[in-house]
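Heads up, my_file_27.cif below (mmCIF, C-alpha atoms):
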```
data_my_file
#
loop_
_atom_site.label_atom_id
_atom_site.label_comp_id
_atom_site.auth_asym_id
_atom_site.auth_seq_id
_atom_site.Cartn_x
_atom_site.Cartn_y
_atom_site.Cartn_z
CA MET A 85 -9.33 -23.85 28.45
CA SER A 86 -6.95 -26.34 26.83
CA PRO A 87 -3.38 -25.12 26.28
CA THR A 88 -3.36 -26.56 22.76
CA ASN A 89 -6.50 -24.72 21.75
CA PRO A 90 -6.52 -21.25 23.31
CA PRO A 91 -9.46 -19.01 22.51
CA PRO A 92 -8.58 -16.49 19.80
CA PRO A 93 -8.12 -12.99 21.21
CA ASP A 94 -10.45 -10.14 20.36
CA PRO A 95 -9.78 -9.53 16.64
CA THR A 96 -10.70 -5.87 16.99
CA SER A 97 -7.61 -5.45 19.18
CA VAL A 98 -5.30 -6.78 16.45
CA PRO A 99 -3.07 -3.97 15.10
CA PRO A 100 -3.48 -3.12 11.40
CA ALA A 101 0.22 -3.95 10.90
CA VAL A 102 -0.50 -7.59 11.83
CA VAL A 103 -3.34 -7.76 9.32
CA HIS A 104 -0.98 -6.29 6.73
CA ARG A 105 1.59 -9.01 7.47
CA LEU A 106 -1.05 -11.74 7.21
CA SER A 107 -1.62 -10.53 3.64
CA LEU A 108 2.09 -10.94 2.99
CA TYR A 109 2.19 -14.42 4.54
CA LEU A 110 -0.74 -15.42 2.35
CA ARG A 111 1.10 -14.32 -0.80
CA GLU A 112 4.29 -16.07 0.31
CA LEU A 113 2.39 -19.28 1.05
CA ARG A 114 0.93 -19.21 -2.44
CA HIS A 115 4.41 -18.76 -3.89
CA GLN A 116 5.65 -21.75 -1.91
CA MET A 117 2.69 -23.88 -3.00
CA ALA A 118 3.35 -22.87 -6.61
CA ASP A 119 6.93 -24.09 -6.04
CA GLY A 120 5.53 -27.47 -4.98
CA ASN A 121 5.93 -27.17 -1.21
CA GLU A 122 3.20 -28.79 0.89
CA THR A 123 4.54 -27.71 4.26
CA THR A 124 6.52 -24.74 5.52
CA SER A 125 7.94 -23.30 8.72
CA SER A 126 7.86 -19.90 10.40
CA SER A 127 11.47 -19.27 9.34
CA GLN A 128 10.79 -20.29 5.71
CA LEU A 129 7.69 -18.14 5.70
CA GLY A 130 9.51 -15.12 7.07
CA ARG A 131 12.80 -15.43 5.18
CA ARG A 132 11.88 -13.96 1.82
CA LEU A 133 9.78 -11.26 3.50
CA GLY A 134 12.53 -10.25 5.92
CA PHE A 135 10.68 -11.22 9.11
CA THR A 136 12.10 -13.31 11.93
CA ASP A 137 10.49 -16.67 12.70
CA ALA A 138 9.49 -15.26 16.11
CA GLN A 139 7.58 -12.45 14.39
CA VAL A 140 5.72 -14.91 12.15
CA ARG A 141 4.79 -17.12 15.10
CA LYS A 142 3.67 -14.14 17.18
CA ASP A 143 1.50 -12.76 14.38
CA LEU A 144 -0.23 -16.09 13.81
CA ALA A 145 -0.67 -16.65 17.56
CA HIS A 146 -3.13 -13.75 17.60
CA PHE A 147 -5.60 -16.04 15.91
CA GLY A 148 -4.99 -19.54 17.26
CA GLN A 149 -2.55 -22.37 16.78
CA PHE A 150 -1.83 -23.49 13.23
CA GLY A 151 1.36 -25.58 13.28
CA HIS A 152 1.76 -29.33 13.62
CA PRO A 153 4.58 -30.79 15.78
CA GLY A 154 7.36 -32.17 13.59
CA VAL A 155 5.66 -30.93 10.41
CA GLY A 156 5.39 -27.17 10.71
CA TYR A 157 2.55 -25.54 8.83
CA ARG A 158 0.57 -27.30 6.13
CA CYS A 159 0.48 -24.68 3.37
CA ASP A 160 -3.08 -25.32 2.18
CA GLU A 161 -4.41 -25.37 5.76
CA LEU A 162 -2.67 -22.11 6.64
CA VAL A 163 -3.86 -20.44 3.43
CA GLU A 164 -7.44 -21.33 4.29
CA ALA A 165 -7.01 -20.18 7.90
CA ILE A 166 -5.54 -16.80 6.88
CA ARG A 167 -8.19 -16.25 4.22
CA LYS A 168 -10.83 -16.86 6.87
CA ILE A 169 -9.15 -14.42 9.26
CA LEU A 170 -8.86 -11.78 6.54
CA GLY A 171 -12.45 -12.34 5.47
CA THR A 172 -11.37 -13.27 1.95
CA ASP A 173 -12.66 -16.86 2.14
CA ARG A 174 -15.82 -15.47 0.55
CA GLU A 175 -16.60 -13.17 -2.34
CA TRP A 176 -17.15 -9.47 -1.67
CA ARG A 177 -19.27 -7.40 -4.00
CA VAL A 178 -17.58 -4.09 -4.66
CA ALA A 179 -18.62 -0.81 -6.28
CA LEU A 180 -16.13 1.52 -7.92
CA VAL A 181 -16.85 5.24 -7.87
CA GLY A 182 -14.91 7.29 -10.41
CA VAL A 183 -14.09 5.93 -13.86
CA GLY A 184 -11.12 8.13 -14.76
CA ASN A 185 -7.67 6.74 -15.52
CA LEU A 186 -7.24 5.22 -12.07
CA GLY A 187 -10.77 3.81 -12.05
CA ARG A 188 -10.21 2.20 -15.44
CA ALA A 189 -6.95 0.74 -14.23
CA LEU A 190 -8.70 -0.70 -11.16
CA LEU A 191 -11.48 -2.21 -13.31
CA GLY A 192 -8.80 -4.05 -15.28
CA TYR A 193 -6.66 -4.97 -12.27
CA ARG A 194 -6.70 -8.74 -12.06
CA GLY A 195 -5.43 -8.66 -8.46
CA PHE A 196 -8.93 -7.83 -7.20
CA HIS A 197 -10.55 -10.88 -8.71
CA GLN A 198 -7.71 -13.14 -7.56
CA GLN A 199 -8.42 -12.12 -3.99
CA GLY A 200 -12.16 -12.56 -4.03
CA PHE A 201 -13.20 -9.00 -4.78
CA ARG A 202 -15.81 -8.74 -7.48
CA LEU A 203 -16.30 -5.31 -9.00
CA VAL A 204 -19.98 -5.49 -9.93
CA ALA A 205 -20.83 -1.85 -10.63
CA ALA A 206 -19.10 1.43 -11.40
CA PHE A 207 -20.32 4.99 -11.00
CA ASP A 208 -19.32 8.26 -12.61
CA ALA A 209 -20.57 11.83 -12.75
CA ASP A 210 -19.81 12.11 -16.48
CA SER A 211 -23.07 11.42 -18.31
CA SER A 212 -21.23 10.43 -21.50
CA LYS A 213 -19.89 7.35 -19.69
CA ILE A 214 -23.20 6.19 -18.22
CA GLY A 215 -24.53 2.95 -19.66
CA SER A 216 -21.25 1.85 -21.20
CA LYS A 217 -19.25 -1.10 -19.93
CA ILE A 218 -15.56 -1.37 -19.09
CA GLU A 219 -14.10 -4.81 -18.47
CA GLY A 220 -17.67 -6.06 -18.41
CA VAL A 221 -18.71 -3.70 -15.60
CA GLU A 222 -21.56 -1.29 -16.28
CA ILE A 223 -21.11 2.38 -15.47
CA HIS A 224 -24.06 3.98 -13.69
CA ALA A 225 -24.97 7.56 -12.84
CA LEU A 226 -23.93 8.69 -9.37
CA GLU A 227 -27.58 9.50 -8.65
CA SER A 228 -28.50 5.82 -8.82
CA LEU A 229 -25.80 4.75 -6.38
CA ALA A 230 -28.11 3.87 -3.47
CA GLU A 231 -30.49 1.95 -5.71
CA VAL A 232 -27.80 -0.05 -7.53
CA MET A 233 -25.95 -0.83 -4.31
CA SER A 234 -29.13 -2.22 -2.83
CA THR A 235 -30.20 -4.33 -5.83
CA GLN A 236 -26.64 -5.54 -6.46
CA GLN A 237 -26.04 -6.23 -2.75
CA ILE A 238 -22.78 -4.27 -2.70
CA GLU A 239 -20.88 -4.15 0.60
CA LEU A 240 -17.65 -2.33 -0.26
CA GLY A 241 -16.91 0.88 -2.10
CA VAL A 242 -13.70 1.87 -3.87
CA VAL A 243 -13.29 5.64 -4.25
CA ALA A 244 -11.21 6.72 -7.27
CA VAL A 245 -12.46 10.26 -7.84
CA PRO A 246 -10.41 13.49 -7.72
CA ALA A 247 -9.50 14.69 -4.21
CA ALA A 248 -12.07 17.47 -4.22
CA GLU A 249 -14.93 15.02 -4.72
CA ALA A 250 -13.78 12.23 -2.42
CA GLN A 251 -15.67 13.27 0.72
CA ALA A 252 -18.97 13.85 -1.09
CA VAL A 253 -18.74 10.45 -2.78
CA THR A 254 -17.80 8.82 0.53
CA ASP A 255 -20.86 10.40 2.18
CA GLN A 256 -23.04 9.02 -0.61
CA LEU A 257 -21.62 5.52 -0.15
CA VAL A 258 -22.18 5.74 3.61
CA ALA A 259 -25.74 6.96 3.13
CA ALA A 260 -26.31 3.99 0.81
CA GLY A 261 -25.25 1.65 3.63
CA VAL A 262 -21.76 0.61 2.51
CA GLY A 263 -19.81 -1.45 5.06
CA GLY A 264 -16.32 -0.39 4.10
CA ILE A 265 -14.53 2.13 1.92
CA VAL A 266 -11.14 2.00 0.22
CA ASN A 267 -10.09 5.51 -0.74
CA PHE A 268 -7.57 6.00 -3.55
CA ALA A 269 -8.02 9.79 -3.69
CA PRO A 270 -4.98 11.65 -2.27
CA VAL A 271 -6.98 13.17 0.59
CA THR A 272 -8.26 11.94 3.96
CA VAL A 273 -12.00 11.28 4.12
CA THR A 274 -14.02 10.83 7.29
CA VAL A 275 -16.70 8.21 7.89
CA PRO A 276 -19.06 7.70 10.81
CA GLU A 277 -18.23 5.10 13.45
CA GLY A 278 -19.26 1.66 12.27
CA VAL A 279 -17.99 2.11 8.72
CA CYS A 280 -14.51 0.78 7.94
CA LYS A 281 -12.18 2.96 5.96
CA VAL A 282 -8.72 2.51 4.50
CA GLY A 283 -6.79 5.08 2.51
CA VAL A 284 -4.41 3.98 -0.23
CA ASP A 285 -1.44 6.23 -0.86
CA LEU A 286 0.06 5.31 -4.22
CA ALA A 287 3.27 7.19 -3.42
CA ARG A 288 3.91 5.55 -0.06
CA GLU A 289 5.77 2.56 -1.41
CA LEU A 290 8.29 4.85 -3.05
CA GLU A 291 9.44 5.82 0.42
CA GLN A 292 10.46 2.23 1.12
CA VAL A 293 12.78 2.49 -1.85
CA THR A 294 14.15 5.94 -1.07
CA PHE A 295 14.72 4.90 2.55
CA ALA A 296 16.87 2.00 1.40
CA LEU A 297 18.66 4.09 -1.23
CA ALA A 298 19.27 7.08 1.04
CA ASN A 299 20.74 4.92 3.78
CA ARG A 300 22.88 2.98 1.36
CA LEU A 301 24.22 6.22 -0.09
CA ARG A 302 25.05 7.40 3.45
CA GLU A 303 27.01 4.24 4.10
CA THR A 304 29.20 4.47 1.04
CA MET B 776 28.57 7.12 24.09
CA SER B 777 26.34 9.73 25.74
CA PRO B 778 22.95 8.46 26.92
CA THR B 779 21.21 11.51 25.46
CA ASN B 780 22.71 11.04 22.03
CA PRO B 781 23.01 7.34 21.17
CA PRO B 782 24.42 6.44 17.77
CA PRO B 783 21.64 5.51 15.36
CA PRO B 784 21.49 1.76 14.73
CA ASP B 785 22.30 0.24 11.37
CA PRO B 786 19.44 1.48 9.14
CA THR B 787 19.64 -1.62 6.96
CA SER B 788 18.46 -3.65 9.98
CA VAL B 789 15.29 -1.59 10.35
CA PRO B 790 12.22 -3.69 9.44
CA PRO B 791 10.16 -2.46 6.47
CA ALA B 792 7.14 -2.21 8.79
CA VAL B 793 8.93 0.52 10.79
CA VAL B 794 9.65 2.48 7.60
CA HIS B 795 5.99 2.09 6.67
CA ARG B 796 4.94 3.52 10.06
CA LEU B 797 7.34 6.46 9.69
CA SER B 798 5.40 7.36 6.52
CA LEU B 799 2.20 7.31 8.56
CA TYR B 800 3.71 9.46 11.33
CA LEU B 801 4.86 11.95 8.72
CA ARG B 802 1.34 12.27 7.33
CA GLU B 803 -0.17 12.57 10.80
CA LEU B 804 2.37 15.27 11.76
CA ARG B 805 1.39 17.25 8.68
CA HIS B 806 -2.28 16.94 9.65
CA GLN B 807 -1.50 18.22 13.12
CA MET B 808 0.55 21.12 11.76
CA ALA B 809 -2.31 21.98 9.40
CA ASP B 810 -4.54 22.04 12.51
CA GLY B 811 -2.20 24.61 14.05
CA ASN B 812 -0.29 22.37 16.47
CA GLU B 813 3.40 23.20 16.97
CA THR B 814 4.18 20.33 19.31
CA THR B 815 2.84 16.81 19.77
CA SER B 816 3.39 13.70 21.87
CA SER B 817 3.84 10.01 21.14
CA SER B 818 0.28 9.33 22.32
CA GLN B 819 -1.18 12.16 20.21
CA LEU B 820 0.83 10.95 17.24
CA GLY B 821 -0.34 7.37 17.66
CA ARG B 822 -3.96 7.96 18.62
CA ARG B 823 -5.53 8.60 15.23
CA LEU B 824 -3.38 5.88 13.64
CA GLY B 825 -4.27 3.29 16.27
CA PHE B 826 -0.74 2.84 17.62
CA THR B 827 0.25 2.90 21.29
CA ASP B 828 2.59 5.64 22.50
CA ALA B 829 5.15 2.91 23.30
CA GLN B 830 5.08 1.78 19.66
CA VAL B 831 5.63 5.34 18.41
CA ARG B 832 8.54 5.89 20.80
CA LYS B 833 10.11 2.54 19.91
CA ASP B 834 9.85 3.21 16.16
CA LEU B 835 11.47 6.63 16.47
CA ALA B 836 14.17 5.30 18.82
CA HIS B 837 15.56 3.30 15.89
CA PHE B 838 16.90 6.55 14.51
CA GLY B 839 17.87 8.68 17.49
CA GLN B 840 16.21 10.86 20.11
CA PHE B 841 13.73 13.46 18.88
CA GLY B 842 11.67 14.58 21.89
CA HIS B 843 12.26 17.48 24.27
CA PRO B 844 11.64 17.07 28.02
CA GLY B 845 8.42 18.80 29.04
CA VAL B 846 7.60 19.71 25.42
CA GLY B 847 7.28 16.44 23.54
CA TYR B 848 8.06 16.56 19.82
CA ARG B 849 8.31 19.79 17.88
CA CYS B 850 6.23 18.99 14.79
CA ASP B 851 8.40 20.81 12.25
CA GLU B 852 11.59 19.30 13.69
CA LEU B 853 10.18 15.79 13.62
CA VAL B 854 8.87 16.22 10.07
CA GLU B 855 12.33 17.23 8.90
CA ALA B 856 13.94 14.34 10.81
CA ILE B 857 11.57 11.74 9.34
CA ARG B 858 11.93 13.14 5.83
CA LYS B 859 15.68 12.82 6.19
CA ILE B 860 15.36 9.24 7.44
CA LEU B 861 13.01 8.33 4.59
CA GLY B 862 15.26 10.03 2.06
CA THR B 863 12.46 12.38 0.99
CA ASP B 864 14.24 15.54 2.16
CA ARG B 865 15.49 15.80 -1.42
CA GLU B 866 13.94 15.46 -4.86
CA TRP B 867 14.07 12.11 -6.64
CA ARG B 868 13.90 11.93 -10.41
CA VAL B 869 11.59 9.15 -11.46
CA ALA B 870 10.81 7.38 -14.76
CA LEU B 871 7.46 5.77 -15.44
CA VAL B 872 7.35 2.74 -17.71
CA GLY B 873 3.92 1.92 -19.13
CA VAL B 874 1.45 4.65 -20.09
CA GLY B 875 -1.79 2.68 -19.97
CA ASN B 876 -4.66 3.56 -17.64
CA LEU B 877 -2.62 3.05 -14.49
CA GLY B 878 0.39 4.90 -15.90
CA ARG B 879 -1.79 7.86 -16.87
CA ALA B 880 -3.32 7.85 -13.40
CA LEU B 881 0.16 7.86 -11.84
CA LEU B 882 1.29 10.73 -14.08
CA GLY B 883 -1.63 12.78 -12.75
CA TYR B 884 -1.31 11.64 -9.14
CA ARG B 885 -0.44 14.72 -7.15
CA GLY B 886 0.72 12.61 -4.19
CA PHE B 887 4.04 11.94 -5.94
CA HIS B 888 4.95 15.57 -6.31
CA GLN B 889 3.85 16.38 -2.76
CA GLN B 890 6.37 13.87 -1.49
CA GLY B 891 9.33 14.96 -3.54
CA PHE B 892 9.02 12.52 -6.42
CA ARG B 893 9.39 14.15 -9.80
CA LEU B 894 8.22 12.10 -12.76
CA VAL B 895 10.52 13.43 -15.47
CA ALA B 896 10.09 10.86 -18.25
CA ALA B 897 7.67 8.16 -19.33
CA PHE B 898 8.20 5.18 -21.63
CA ASP B 899 5.85 3.04 -23.65
CA ALA B 900 6.06 0.32 -26.30
CA ASP B 901 3.17 1.81 -28.30
CA SER B 902 4.72 3.93 -31.05
CA SER B 903 1.54 6.03 -31.40
CA LYS B 904 2.18 7.46 -27.93
CA ILE B 905 5.86 8.32 -28.44
CA GLY B 906 6.63 12.04 -28.50
CA SER B 907 3.34 13.13 -26.92
CA LYS B 908 3.10 14.60 -23.43
CA ILE B 909 0.80 13.69 -20.55
CA GLU B 910 0.69 16.03 -17.56
CA GLY B 911 3.72 17.72 -19.06
CA VAL B 912 5.79 14.51 -19.12
CA GLU B 913 7.14 13.37 -22.48
CA ILE B 914 6.59 9.78 -23.56
CA HIS B 915 9.66 8.10 -25.03
CA ALA B 916 10.22 4.82 -26.85
CA LEU B 917 11.28 1.93 -24.65
CA GLU B 918 14.41 1.58 -26.81
CA SER B 919 15.69 4.95 -25.62
CA LEU B 920 15.27 4.11 -21.94
CA ALA B 921 18.98 3.82 -21.10
CA GLU B 922 19.83 7.01 -22.96
CA VAL B 923 17.03 9.11 -21.46
CA MET B 924 17.68 7.79 -17.95
CA SER B 925 21.29 8.84 -18.25
CA THR B 926 20.70 12.31 -19.71
CA GLN B 927 17.79 12.99 -17.32
CA GLN B 928 19.69 11.60 -14.31
CA ILE B 929 16.84 9.31 -13.31
CA GLU B 930 17.33 7.20 -10.18
CA LEU B 931 13.97 5.48 -9.67
CA GLY B 932 11.70 3.54 -11.99
CA VAL B 933 7.96 2.97 -11.64
CA VAL B 934 6.70 -0.09 -13.53
CA ALA B 935 3.07 0.13 -14.68
CA VAL B 936 3.02 -2.34 -17.57
CA PRO B 937 0.91 -5.53 -17.87
CA ALA B 938 2.10 -8.45 -15.75
CA ALA B 939 3.58 -10.32 -18.71
CA GLU B 940 5.96 -7.46 -19.53
CA ALA B 941 6.96 -6.47 -16.00
CA GLN B 942 10.12 -8.57 -15.73
CA ALA B 943 11.49 -7.52 -19.12
CA VAL B 944 10.92 -3.86 -18.32
CA THR B 945 12.50 -4.31 -14.89
CA ASP B 946 15.55 -5.90 -16.51
CA GLN B 947 15.81 -2.92 -18.86
CA LEU B 948 15.66 -0.47 -15.95
CA VAL B 949 18.31 -2.43 -14.07
CA ALA B 950 20.55 -2.55 -17.14
CA ALA B 951 20.14 1.22 -17.43
CA GLY B 952 21.46 1.60 -13.87
CA VAL B 953 18.28 2.38 -11.92
CA GLY B 954 18.70 2.46 -8.13
CA GLY B 955 15.22 1.39 -7.15
CA ILE B 956 12.05 0.02 -8.70
CA VAL B 957 8.42 0.33 -7.63
CA ASN B 958 6.37 -2.33 -9.36
CA PHE B 959 2.63 -1.83 -9.82
CA ALA B 960 2.18 -4.88 -12.07
CA PRO B 961 0.34 -7.72 -10.29
CA VAL B 962 3.35 -10.06 -10.50
CA THR B 963 6.60 -10.48 -8.57
CA VAL B 964 9.71 -9.29 -10.40
CA THR B 965 13.27 -10.11 -9.44
CA VAL B 966 16.20 -7.70 -9.36
CA PRO B 967 19.90 -8.28 -8.72
CA GLU B 968 21.33 -7.58 -5.28
CA GLY B 969 22.04 -3.90 -4.88
CA VAL B 970 18.84 -2.72 -6.56
CA CYS B 971 15.91 -1.86 -4.27
CA LYS B 972 12.50 -3.16 -5.20
CA VAL B 973 9.02 -2.71 -3.78
CA GLY B 974 5.85 -4.25 -5.13
CA VAL B 975 2.56 -2.40 -4.83
CA ASP B 976 -0.54 -4.53 -4.52
CA LEU B 977 -3.55 -2.36 -5.23
CA ALA B 978 -5.91 -4.94 -3.73
CA ARG B 979 -4.08 -5.37 -0.43
CA GLU B 980 -5.77 -2.51 1.36
CA LEU B 981 -9.14 -4.09 0.71
CA GLU B 982 -8.12 -6.88 3.05
CA GLN B 983 -7.81 -4.40 5.92
CA VAL B 984 -11.45 -3.53 5.36
CA THR B 985 -12.70 -7.10 4.94
CA PHE B 986 -10.78 -8.16 8.04
CA ALA B 987 -12.58 -5.53 10.08
CA LEU B 988 -15.95 -6.30 8.49
CA ALA B 989 -15.62 -10.08 8.73
CA ASN B 990 -14.70 -9.91 12.39
CA ARG B 991 -17.45 -7.44 13.19
CA LEU B 992 -19.96 -9.71 11.47
CA ARG B 993 -18.70 -12.64 13.53
CA GLU B 994 -19.21 -10.65 16.73
CA THR B 995 -22.82 -9.76 16.05
#
```
Kindly transcribe the structure held in the file into structure tokens.
Amino acid sequence: MSPTNPPPPDPTSVPPAVVHRLSLYLRELRHQMADGNETTSSSQLGRRLGFTDAQVRKDLAHFGQFGHPGVGYRCDELVEAIRKILGTDREWRVALVGVGNLGRALLGYRGFHQQGFRLVAAFDADSSKIGSKIEGVEIHALESLAEVMSTQQIELGVVAVPAAEAQAVTDQLVAAGVGGIVNFAPVTVTVPEGVCKVGVDLARELEQVTFALANRLRET
Amino acid sequence: MSPTNPPPPDPTSVPPAVVHRLSLYLRELRHQMADGNETTSSSQLGRRLGFTDAQVRKDLAHFGQFGHPGVGYRCDELVEAIRKILGTDREWRVALVGVGNLGRALLGYRGFHQQGFRLVAAFDADSSKIGSKIEGVEIHALESLAEVMSTQQIELGVVAVPAAEAQAVTDQLVAAGVGGIVNFAPVTVTVPEGVCKVGVDLARELEQVTFALANRLRET
């Protein structure tokens, strides 16, 4: 075991918060590259995000050693390394379930494509929507979910249905063999062991703002 | 300085990740209360979220001492304490700018109301929408933003316009005296010092899922 090339630790033991920060580092690296920087440092990387250089180094150390003595990090190298860690160095084929307002917004959200997520099929219970296309994505009947997921080789499902329908739709995705689910419905869904699941709370980020505002108001 | 009642540290030095985890603890506490639990412990609180008990204790210690010897945390007490810390123990009046698909979805998103955010006005550049109501919220012309924000005593702005318009809309909100901005457009906006800003990346949570999937695939 060479000290300059330690084996990466078990990735399943990495806390979700670290994965979350890797996403932020990736975005910051892209900003810096867009600004013309070829190399960066842990303190440069952390500054705009409000993290200490020690935090940045510790987070990256979970996955190996990425810096170069006297140079710091090469931006393009680190971008590739983080994308590989996050699993976004490849394309993922994604199905959207629920083509209401939120579903339509997600179909048009260019952030997905930028990050390697390809929405290849959408599903809805409303028969008047079936067969039409939004943003080039065909809307299928919920009944054909298993079939379309198989023929289209879909691995991830995005749930954007009303809360009351979220669990039933999740069960359908699981039965169709989905690997992971991102749930935008404001309710917790359960999945069997072996299926990954993340819930998105659209209101959560507001608490970051109210926290800052409330504490500033207390100070003054 | 009594050891049982240390002064809370400077809240402005609290990392955003801690604030983010407080949101998660709050949701977990509500789950536990819904399950009929009156008290909980740091390990119970962390278990379902995948955090160690040490992490939970450390996060809460930023803000004071909340446990009771031999009892643990009283759920209702801790919920109130965290809401106060997050600034969600009061109602916040919020304006939405941009009534496209995402804006409509946000107007109907019950998660906002559950957490004390009251969307009281919406704005759009499309004159055909002006004067109509969605989910009971009136849509105003962008030109009347400053006036409506003042008369409606709005403190927070949610930006849900296309990327190309996000900065201009943010500038308008800032000029109208907004305290904080939550930006859903897939672009970084800048605000002057003194205004809080959080960007929401709808695709970020997908990376949590691909990270887990990619690393599981590597294992097998």
(request) Could you please tell me, as an MDAnalysis selection string, which residues of chain A have an atom within 8 Å of chain B when using all atoms listed in the file? (result) chainID A and resid 95:96 99:101 103:104 107 134:135 169:172 184:186 188:190 193:196 199 263:266 270 280:300
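One distance worth recording is that between CA of Leu948 in chain B and CA of Tyr109 in chain A, which is 28.2 Å.
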(request) Enumerate, as a PyMOL selection string, the residues matched when the PyMOL selection byres ((chain A and resi 211) around 10) is run on the file above. (result) chain A and resi 208-210+212-215+223-226
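Between CA of Thr123 in chain A and CA of Phe147 in chain A the interatomic distance comes to 19.4 Å.
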(message) I'd like the contact shell of Val140 in chain A - 8 Å cut-off, all atoms listed in the file, skipping same-chain residues fewer than 6 positions apart - returned as a PyMOL selection string.
(response) chain A and resi 126-127+129-130
(message) Between CA of Glu175 in chain A and CA of Gln236 in chain A, what distance in Å does the model show, to one decimal?
(response) 13.3 Å
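Minimum atom-to-atom distance to Gln942 in chain B, evaluated using all atoms listed in the file, belongs to B:Val966 out of B:Leu920, B:Val966, B:Ala896, B:Ile929.
Ranking A:Val204, A:Gly154, A:Gly120, A:Leu162 by their shortest atom-to-atom distance to Lys217 in chain A, with only C-alpha atoms included, puts A:Val204 first.
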(request) Using the chain letters and residue numbers of this document, give as a PyMOL selection string the residues selected by the PyMOL selection byres ((chain B and resi 951) around 9). (result) chain B and resi 920-922+924-925+946-950+952-953
